[in-house]
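Structure data follow from structure_27.cif (mmCIF, C-alpha atoms):
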```cif
data_my_file
loop_
_atom_site.label_atom_id
_atom_site.label_comp_id
_atom_site.auth_asym_id
_atom_site.auth_seq_id
_atom_site.Cartn_x
_atom_site.Cartn_y
_atom_site.Cartn_z
CA MET P 1 0.00 0.00 0.00
CA LYS P 2 2.77 2.36 1.00
CA VAL P 3 4.63 1.63 -2.21
CA LEU P 4 1.50 2.28 -4.21
CA LEU P 5 0.91 5.60 -2.49
CA LEU P 6 4.52 6.63 -2.96
CA SER P 7 4.43 5.76 -6.66
CA LEU P 8 1.17 7.65 -7.07
CA LEU P 9 2.68 10.64 -5.36
CA LEU P 10 5.73 10.49 -7.61
CA ALA P 11 3.56 10.22 -10.69
CA VAL P 12 1.52 13.25 -9.67
CA THR P 13 4.44 15.40 -8.54
CA PRO P 14 5.49 16.87 -11.92
CA VAL P 15 1.96 18.09 -12.69
CA TRP P 16 1.64 19.60 -9.24
CA ALA P 17 5.03 21.29 -9.61
CA ALA P 18 3.99 22.85 -12.94
CA ASP P 19 0.74 24.12 -11.44
CA SER P 20 2.57 25.80 -8.59
CA LEU P 21 4.41 28.00 -11.09
CA ILE P 22 1.15 29.75 -12.00
CA PRO P 23 -0.37 32.02 -9.36
CA LYS P 24 -3.76 30.88 -8.10
CA LEU P 25 -6.20 33.64 -8.96
CA ASP P 26 -9.70 34.48 -7.90
CA ILE P 27 -11.12 34.98 -11.40
CA GLY P 28 -14.47 36.26 -10.16
CA LYS P 29 -17.45 35.45 -12.36
CA GLY P 30 -15.12 34.54 -15.21
CA GLY P 31 -16.91 33.19 -18.26
CA LYS P 32 -15.85 33.65 -21.87
CA CYS P 33 -13.19 36.33 -22.31
CA VAL P 34 -13.25 38.73 -25.29
CA GLU P 35 -10.08 36.99 -26.52
CA ASP P 36 -8.28 33.73 -25.88
CA PRO P 37 -7.08 33.85 -22.24
CA GLN P 38 -3.47 33.05 -23.13
CA TRP P 39 -3.48 35.85 -25.71
CA MET P 40 -4.95 38.20 -23.10
CA ARG P 41 -2.24 37.28 -20.60
CA MET P 42 0.35 38.48 -23.11
CA ASN P 43 -1.48 41.42 -24.72
CA HIS P 44 -4.01 42.93 -22.32
CA MET P 45 -1.73 45.88 -21.56
CA HIS P 46 -1.46 46.85 -25.23
CA VAL P 47 -5.17 46.69 -25.97
CA LEU P 48 -6.05 48.54 -22.76
CA LEU P 49 -3.59 51.30 -23.66
CA LYS P 50 -5.04 51.69 -27.16
CA GLN P 51 -8.61 51.63 -25.88
CA ARG P 52 -7.85 54.20 -23.19
CA ASP P 53 -6.75 56.79 -25.77
CA GLU P 54 -9.79 56.09 -27.95
CA THR P 55 -12.07 56.59 -24.97
CA VAL P 56 -10.47 59.68 -23.45
CA HIS P 57 -9.82 61.57 -26.68
CA LYS P 58 -12.52 60.33 -29.04
CA GLY P 59 -15.28 59.41 -26.61
CA ILE P 60 -15.60 55.83 -27.89
CA ARG P 61 -17.02 54.04 -24.89
CA ASP P 62 -18.29 50.77 -26.32
CA GLY P 63 -14.89 49.30 -27.23
CA LYS P 64 -14.21 45.64 -26.74
CA TYR P 65 -11.26 46.04 -24.36
CA ASN P 66 -12.89 48.15 -21.70
CA LEU P 67 -11.28 48.19 -18.26
CA LYS P 68 -14.70 48.44 -16.62
CA ASP P 69 -15.84 45.32 -18.49
CA CYS P 70 -12.72 43.43 -17.35
CA ILE P 71 -13.54 44.36 -13.76
CA GLU P 72 -17.22 43.50 -14.19
CA CYS P 73 -16.33 39.85 -14.96
CA HIS P 74 -13.16 39.42 -12.97
CA ALA P 75 -13.83 41.22 -9.68
CA SER P 76 -14.02 38.69 -6.89
CA THR P 77 -17.47 37.43 -5.99
CA LYS P 78 -16.48 37.83 -2.32
CA ASP P 79 -15.35 41.47 -2.21
CA ASP P 80 -16.23 42.81 -5.73
CA SER P 81 -12.64 43.88 -6.29
CA VAL P 82 -9.78 42.99 -8.63
CA ILE P 83 -7.16 44.42 -6.26
CA ALA P 84 -8.30 43.92 -2.66
CA ARG P 85 -6.43 40.70 -1.79
CA ALA P 86 -3.15 38.95 -2.65
CA ASP P 87 -5.00 36.51 -4.94
CA SER P 88 -7.27 39.12 -6.55
CA PHE P 89 -7.42 38.91 -10.35
CA CYS P 90 -5.00 41.75 -11.20
CA VAL P 91 -2.81 41.70 -8.10
CA GLY P 92 -2.20 37.93 -8.16
CA CYS P 93 -0.30 37.90 -11.45
CA HIS P 94 1.23 41.35 -11.16
CA SER P 95 2.91 40.65 -7.84
CA PHE P 96 4.05 37.25 -9.17
CA GLU P 97 5.62 38.96 -12.19
CA ALA P 98 6.81 41.94 -10.10
CA VAL P 99 5.11 44.45 -12.44
CA LYS P 100 3.60 47.50 -10.75
CA ILE P 101 0.02 48.36 -11.76
CA ASP P 102 -0.66 52.09 -11.91
CA CYS P 103 -4.25 51.77 -13.15
CA PHE P 104 -5.88 51.59 -9.76
CA GLU P 105 -4.27 54.71 -8.28
CA CYS P 106 -6.97 56.53 -10.25
CA HIS P 107 -9.39 53.90 -11.55
CA SER P 108 -11.77 52.08 -9.27
CA GLY P 109 -10.99 48.40 -8.85
CA LYS P 110 -14.54 47.64 -7.78
CA ARG P 111 -17.35 46.20 -9.86
CA LYS P 112 -19.57 49.05 -11.08
CA SER P 113 -22.89 47.17 -10.97
CA THR P 114 -22.48 46.39 -7.26
CA LEU P 115 -21.51 49.98 -6.43
CA ALA P 116 -24.56 51.26 -8.34
CA ARG P 117 -26.84 48.94 -6.38
CA LYS P 118 -25.37 50.19 -3.08
CA ASP P 119 -25.78 53.83 -4.18
CA SER P 120 -29.45 53.41 -4.99
CA LYS P 121 -30.21 51.88 -1.58
CA MET W 1 31.99 44.77 -47.00
CA SER W 2 32.84 42.18 -44.41
CA ASP W 3 30.92 38.94 -44.08
CA MET W 4 29.70 39.97 -40.63
CA ASP W 5 28.16 43.16 -42.06
CA SER W 6 26.24 41.42 -44.82
CA GLN W 7 24.86 38.87 -42.36
CA ARG W 8 23.72 41.68 -40.13
CA ARG W 9 21.95 43.45 -43.00
CA GLN W 10 20.22 40.27 -44.06
CA PHE W 11 19.02 39.71 -40.49
CA LEU W 12 17.64 43.23 -40.22
CA LYS W 13 15.80 42.90 -43.54
CA THR W 14 14.09 39.64 -42.57
CA SER W 15 13.16 40.86 -39.10
CA VAL W 16 11.51 44.01 -40.48
CA GLY W 17 9.47 41.82 -42.83
CA ALA W 18 8.44 39.51 -40.00
CA ALA W 19 7.40 42.46 -37.84
CA ALA W 20 5.19 43.87 -40.62
CA VAL W 21 3.45 40.50 -41.06
CA ALA W 22 2.96 40.22 -37.28
CA ILE W 23 1.44 43.70 -36.90
CA ALA W 24 -0.86 43.78 -39.95
CA PRO W 25 -3.48 41.17 -38.90
CA GLY W 26 -3.74 42.75 -35.43
CA MET W 27 -4.51 46.16 -36.90
CA LEU W 28 -7.10 44.68 -39.21
CA LEU W 29 -8.84 42.94 -36.31
CA PHE W 30 -8.81 46.13 -34.29
CA ASP W 31 -10.41 48.15 -37.10
CA MET W 32 -13.12 45.55 -37.56
CA ALA W 33 -13.90 45.39 -33.88
CA HIS W 34 -14.23 49.18 -33.76
CA GLY W 35 -16.07 49.66 -37.03
CA LYS W 36 -19.37 50.59 -35.40
CA SER W 37 -18.12 52.85 -32.63
CA GLU W 38 -18.21 56.45 -33.61
CA ALA W 39 -15.79 59.10 -32.43
CA VAL W 40 -17.17 62.42 -31.23
CA SER W 41 -17.29 64.99 -34.02
CA SER W 42 -17.09 68.75 -34.32
CA LYS W 43 -20.61 68.80 -35.76
CA VAL W 44 -21.65 69.00 -32.10
CA ARG W 45 -20.53 71.69 -29.69
CA TRP W 46 -21.78 71.13 -26.18
CA GLY W 47 -22.57 74.19 -24.15
CA MET W 48 -24.69 75.54 -21.35
CA LEU W 49 -26.84 78.60 -20.82
CA ILE W 50 -27.16 79.60 -17.19
CA ASP W 51 -30.06 81.80 -16.19
CA THR W 52 -28.77 83.83 -13.24
CA ALA W 53 -32.20 85.31 -12.54
CA ASN W 54 -33.52 81.84 -11.68
CA CYS W 55 -30.45 80.78 -9.72
CA ALA W 56 -31.70 80.91 -6.14
CA ASP W 57 -29.66 82.52 -3.36
CA GLY W 58 -28.38 79.94 -0.92
CA CYS W 59 -29.21 76.98 -3.17
CA ASN W 60 -26.22 74.73 -3.66
CA ASP W 61 -27.82 71.78 -5.44
CA CYS W 62 -25.64 71.93 -8.57
CA VAL W 63 -22.48 71.86 -6.47
CA THR W 64 -23.73 68.97 -4.34
CA ALA W 65 -24.81 67.01 -7.41
CA CYS W 66 -21.41 67.56 -9.04
CA ASN W 67 -19.60 66.36 -5.92
CA LYS W 68 -21.77 63.28 -5.70
CA GLU W 69 -21.54 62.40 -9.40
CA ASN W 70 -17.78 62.81 -9.57
CA GLY W 71 -16.87 61.55 -6.12
CA LEU W 72 -15.43 64.87 -4.85
CA SER W 73 -15.10 65.38 -1.09
CA GLY W 74 -17.02 68.66 -1.11
CA GLY W 75 -14.39 70.26 1.13
CA LEU W 76 -13.60 73.95 0.64
CA SER W 77 -9.95 74.13 1.73
CA PRO W 78 -7.38 75.33 -0.84
CA THR W 79 -6.24 71.73 -1.40
CA ASP W 80 -9.72 70.30 -1.97
CA SER W 81 -10.95 69.86 -5.53
CA GLN W 82 -13.79 72.13 -6.56
CA TRP W 83 -15.17 71.61 -10.05
CA ILE W 84 -18.06 74.05 -9.71
CA ARG W 85 -18.51 76.98 -7.32
CA LYS W 86 -21.44 79.14 -6.43
CA VAL W 87 -20.24 82.74 -6.82
CA GLU W 88 -22.20 85.55 -5.23
CA LEU W 89 -21.97 89.06 -6.65
CA LYS W 90 -23.20 92.29 -5.19
CA ASP W 91 -23.24 95.71 -6.78
CA MET W 92 -22.38 98.01 -3.87
CA ARG W 93 -23.92 101.09 -5.52
CA SER W 94 -27.37 99.65 -6.26
CA GLY W 95 -27.39 96.80 -3.74
CA ARG W 96 -28.42 94.36 -6.45
CA SER W 97 -27.07 90.89 -5.72
CA LEU W 98 -27.02 87.72 -7.72
CA ALA W 99 -25.55 84.25 -7.51
CA LEU W 100 -24.28 82.05 -10.28
CA PRO W 101 -22.44 78.77 -10.66
CA VAL W 102 -18.99 79.03 -12.25
CA MET W 103 -17.09 76.03 -13.56
CA CYS W 104 -14.78 75.25 -16.49
CA GLN W 105 -16.14 77.41 -19.30
CA HIS W 106 -15.13 74.92 -22.01
CA CYS W 107 -13.53 77.57 -24.22
CA SER W 108 -13.08 76.96 -27.91
CA GLU W 109 -9.66 78.62 -27.60
CA PRO W 110 -8.66 77.21 -24.20
CA PRO W 111 -5.55 78.78 -22.63
CA CYS W 112 -5.04 75.64 -20.53
CA VAL W 113 -4.51 73.65 -23.72
CA ASP W 114 -2.11 76.26 -25.11
CA VAL W 115 0.21 76.08 -22.12
CA CYS W 116 0.16 72.33 -21.43
CA PRO W 117 3.65 70.96 -22.05
CA THR W 118 2.60 67.32 -22.45
CA GLY W 119 -0.64 67.53 -24.41
CA ALA W 120 -2.60 66.30 -21.40
CA SER W 121 -4.94 69.30 -21.52
CA PHE W 122 -6.99 68.95 -24.66
CA LYS W 123 -10.24 69.93 -26.28
CA ARG W 124 -12.41 67.13 -27.58
CA ALA W 125 -13.91 67.50 -31.06
CA ASP W 126 -17.29 68.28 -29.47
CA GLY W 127 -15.88 71.21 -27.50
CA ILE W 128 -15.47 69.59 -24.07
CA VAL W 129 -12.13 70.57 -22.49
CA LEU W 130 -10.55 67.69 -20.56
CA VAL W 131 -7.35 66.56 -18.88
CA ASP W 132 -5.91 63.25 -20.05
CA LYS W 133 -4.60 62.20 -16.66
CA HIS W 134 -2.48 59.49 -18.25
CA LEU W 135 -0.36 62.28 -19.72
CA CYS W 136 -0.64 64.93 -16.96
CA ILE W 137 2.57 65.46 -15.02
CA GLY W 138 1.00 67.79 -12.46
CA CYS W 139 2.96 70.93 -13.43
CA ARG W 140 -0.16 73.08 -12.93
CA TYR W 141 0.62 75.55 -15.75
CA CYS W 142 -3.01 75.14 -16.84
CA MET W 143 -4.23 76.20 -13.41
CA MET W 144 -2.22 79.41 -13.75
CA ALA W 145 -3.40 80.00 -17.31
CA CYS W 146 -7.12 79.56 -16.61
CA PRO W 147 -8.80 82.96 -16.12
CA TYR W 148 -11.76 81.29 -14.37
CA LYS W 149 -9.75 79.47 -11.69
CA ALA W 150 -11.63 76.38 -12.80
CA ARG W 151 -8.99 73.74 -12.28
CA SER W 152 -7.93 71.89 -9.13
CA PHE W 153 -4.90 69.81 -8.30
CA VAL W 154 -5.19 66.53 -6.41
CA HIS W 155 -2.75 66.76 -3.51
CA GLU W 156 -3.50 63.58 -1.57
CA PRO W 157 -3.92 59.93 -2.56
CA LEU W 158 -7.56 59.11 -3.28
CA TYR W 159 -9.50 55.93 -2.60
CA ASP W 160 -12.88 54.60 -3.75
CA GLN W 161 -13.16 56.75 -6.86
CA LYS W 162 -16.26 56.44 -9.00
CA PRO W 163 -15.80 53.82 -11.75
CA ASP W 164 -16.86 56.39 -14.37
CA VAL W 165 -14.69 59.21 -13.01
CA PRO W 166 -11.08 58.16 -12.48
CA ARG W 167 -9.17 60.71 -10.37
CA GLY W 168 -5.72 60.50 -8.89
CA LYS W 169 -3.00 62.23 -6.91
CA GLY W 170 -0.56 64.39 -8.84
CA THR W 171 -2.90 65.33 -11.66
CA VAL W 172 -4.98 68.40 -12.46
CA GLU W 173 -8.72 68.05 -12.89
CA SER W 174 -11.76 70.19 -13.60
CA CYS W 175 -15.36 70.07 -14.73
CA THR W 176 -15.67 67.47 -17.50
CA MET W 177 -19.21 68.56 -18.38
CA CYS W 178 -19.94 65.05 -17.05
CA VAL W 179 -18.47 63.63 -20.23
CA HIS W 180 -19.31 60.06 -19.17
CA ARG W 181 -22.99 61.01 -18.94
CA VAL W 182 -23.01 63.13 -22.11
CA ASP W 183 -21.51 60.24 -24.10
CA ASN W 184 -24.41 58.10 -22.90
CA GLY W 185 -26.99 60.67 -23.99
CA GLN W 186 -27.62 62.10 -20.52
CA GLN W 187 -27.31 65.65 -19.20
CA PRO W 188 -24.54 66.83 -16.87
CA ALA W 189 -25.35 66.22 -13.20
CA CYS W 190 -25.57 69.96 -12.34
CA ALA W 191 -28.09 70.67 -15.12
CA GLU W 192 -30.23 67.74 -14.02
CA ALA W 193 -30.06 68.68 -10.34
CA CYS W 194 -31.01 72.37 -10.65
CA PRO W 195 -34.46 72.74 -9.06
CA ASN W 196 -35.22 75.88 -11.11
CA LYS W 197 -33.94 74.47 -14.40
CA SER W 198 -31.59 77.43 -14.68
CA ILE W 199 -28.86 75.37 -16.34
CA LEU W 200 -29.79 74.60 -19.93
CA PHE W 201 -27.46 72.07 -21.57
CA GLY W 202 -27.38 71.43 -25.31
CA ASN W 203 -25.72 71.51 -28.69
CA LEU W 204 -24.68 75.04 -29.70
CA ASN W 205 -24.01 73.93 -33.29
CA ASP W 206 -27.56 72.73 -33.90
CA PRO W 207 -29.69 75.77 -34.82
CA ASP W 208 -32.86 73.94 -33.74
CA SER W 209 -31.68 72.91 -30.28
CA GLU W 210 -33.40 74.53 -27.32
CA ILE W 211 -30.19 76.23 -26.20
CA SER W 212 -29.50 77.72 -29.67
CA ARG W 213 -33.05 79.04 -29.95
CA LYS W 214 -32.84 80.63 -26.51
CA ILE W 215 -29.45 82.20 -27.19
CA ARG W 216 -30.92 83.75 -30.34
CA THR W 217 -33.83 85.31 -28.45
CA VAL W 218 -32.50 86.38 -25.04
CA ALA W 219 -29.40 88.43 -24.17
CA SER W 220 -26.59 86.30 -22.80
CA VAL W 221 -22.90 86.91 -22.20
CA GLN W 222 -19.71 84.95 -21.90
CA LEU W 223 -17.59 85.55 -18.81
CA ARG W 224 -14.55 87.68 -19.68
CA ALA W 225 -15.64 87.82 -23.31
CA ASP W 226 -12.85 90.40 -23.78
CA LEU W 227 -10.33 87.55 -23.69
CA GLY W 228 -11.79 86.14 -26.90
CA LEU W 229 -11.83 82.57 -25.64
CA ASP W 230 -15.33 81.85 -26.99
CA THR W 231 -16.61 79.94 -23.99
CA GLY W 232 -19.18 77.17 -24.25
CA ILE W 233 -20.92 78.34 -21.07
CA ARG W 234 -23.06 81.46 -21.37
CA TYR W 235 -24.83 83.50 -18.69
CA GLN W 236 -28.18 85.20 -18.96
CA GLY W 237 -29.13 88.17 -16.77
CA LEU W 238 -25.63 89.02 -15.65
#
```
Representation of the structure as structure tokens:
Amino acid sequence: MKVLLLSLLLAVTPVWAADSLIPKLDIGKGGKCVEDPQWMRMNHMHVLLKQRDETVHKGIRDGKYNLKDCIECHASTKDDSVIARADSFCVGCHSFEAVKIDCFECHSGKRKSTLARKDSK
Amino acid sequence: MSDMDSQRRQFLKTSVGAAAVAIAPGMLLFDMAHGKSEAVSSKVRWGMLIDTANCADGCNDCVTACNKENGLSGGLSPTDSQWIRKVELKDMRSGRSLALPVMCQHCSEPPCVDVCPTGASFKRADGIVLVDKHLCIGCRYCMMACPYKARSFVHEPLYDQKPDVPRGKGTVESCTMCVHRVDNGQQPACAEACPNKSILFGNLNDPDSEISRKIRTVASVQLRADLGLDTGIRYQGL
């Protein structure tokens, strides 16, 4: 029995080791992303940057890569935030990669629909 | 030419080609995804007509509504942001007094845009003057240039901003004519909140809009019209 367990453990170990390299994130509601998730991991910063200029300068607010829409899906279901905890959607990866996020010094990291509901109460 | 040089040139040529192929499909996708969205155009010029005769003494509803909509603290210290102020005037000779709200006048020749060293201060095609806080370095030249004292600087870190109104320390801000509401077809918060309907918001470029018709029929002035800034906000009964 012990041998069996040990061999099982050994067989599982490489998979578990690979998993531990990726930060465990609270992806919130999740669902289907506007792009392939792997593509988003690599390119979200570029599309957000482009969209931000379109919105601020040209007033185009229904773009596909909207920061508010990201937050709407990915804010935690527990605290409605993408930045509140160490495993929150944005913070999890950014602290793992040691990349500072400036977005939330000005932008709200909270889900808009929940805030609106609280305001109307 | 040495062998090393020719190899280097060949490498540069192929990498430029590869980069062009890599970028082109992305641009195409982006254009398709944004085909329907329309940018604001100069066919529209947003403006306001403020009727000072109807603006009640002591009423502060426009200021409160602005603070609530944009998440401002409402404090009055020199380091607190104020996007709109109630100004009270009194003619000492006649004793006539009146009150009026003053905010960013959304000039068509805005001095804040002229002096901005980074291009952060800009005028949108539809006449709304804004600060692109992504570009603002907080030098505050625009605050000095503005004859209406309309702009504020954020001195302290902020928390819990409104999702529609990002604001942050180290940048200059001012009335945005509630651009997030206007883009969704709503009125600015101050115009909606005024109990006497003394703030009329509309398109100055459309001759049939209510504001254009009223400007044609009643006398209205721009503040400091002598500066030739052609403001988007006009006052009636001043």
Hey, could you make a per-residue contact list for chain W against chain P with 6 Å as the cut-off, showing the nearest pair of atoms and its distance in Å to one decimal, counting all atoms listed in the file, sorted by chain and number, as a tab-separated table?
```
residue	atom	partner	partner_atom	distance
W:Ala39	CA	P:Lys58	CA	4.9
W:Val40	CA	P:Lys58	CA	5.5
W:Gln161	CA	P:Ser108	CA	5.4
W:Pro163	CA	P:Ser108	CA	5.0
W:Pro166	CA	P:His107	CA	4.7
W:Arg167	CA	P:Cys106	CA	4.7
W:Gly168	CA	P:Cys106	CA	4.4
```
Point to revise | Target residues per the PyMOL selection byres ((chain W and resi 132) around 7), formatted as a list in words | key: Val56 of chain P; Ala120, Ser121, Leu130, Val131, Lys133, His134, Leu135 and Cys136 of chain W
Review point. Any idea what's packed within 8 Å of range 65-67 of chain W, counting only C-alpha atoms, ignoring anything in its chain fewer than 5 positions away? Could you give it as a PyMOL selection string?
Key: chain W and resi 72-74+83-84+189-190+193
Point to revise | Distance query range 44-57 of chain W at most 10 Å, all atoms listed in the file, self and fewer than 3 positions along chain excluded, as an MDAnalysis selection string | key: chainID W and resid 40:41 60:61 86 88 97:102 105:108 124:128 177 182 188 191 194:206 211:212 214:215 220:222 231:238
Exercise for review: Evaluate the PyMOL selection byres ((chain P and resi 84) around 12) on the structure here and hand back the selected residues as a ChimeraX atom specification.
Suggested key: /P:26,75-83,85-92,104,108-111 /W:160
Exercise for review: Find, counting only C-alpha atoms, the residue in W:Val172, W:Val154, W:Met92, W:Val179 that gets nearest to Cys112 in chain W.
Suggested key: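 Of W:Val172, W:Val154, W:Met92, W:Val179, the one nearest Cys112 in chain W, counting only C-alpha atoms, is W:Val172.
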Given 4 Å of margin on each side, can you work out the centre and size in Å (one decimal) of an axis-aligned box holding every listed atom of range 221-235 of chain W, as lines of an AutoDock Vina configuration file?
```
center_x = -17.6
center_y = 83.8
center_z = -22.8
size_x = 22.5
size_y = 21.2
size_z = 16.3
```
Review point. Which value, in Å to one decimal, gives the distance between CA of Cys146 in chain W and CA of Cys116 in chain W?
Key: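 That distance, rounded to one decimal, is 11.3 Å.
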Review point. Pick the closest to His94 in chain P from P:Lys118, P:His74, P:Arg41, P:Lys32: which is it, counting all atoms listed in the file?
Key: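 Checking each of P:Lys118, P:His74, P:Arg41, P:Lys32 against His94 in chain P, counting all atoms listed in the file, the winner is P:Arg41.
Between CA of Val99 in chain P and CA of Met42 in chain P the interatomic distance comes to 13.1 Å.
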Exercise for review: For CA of Thr171 in chain W and CA of Ser42 in chain W, quote the distance in Å rounded to one decimal.
Suggested key: 27.0 Å
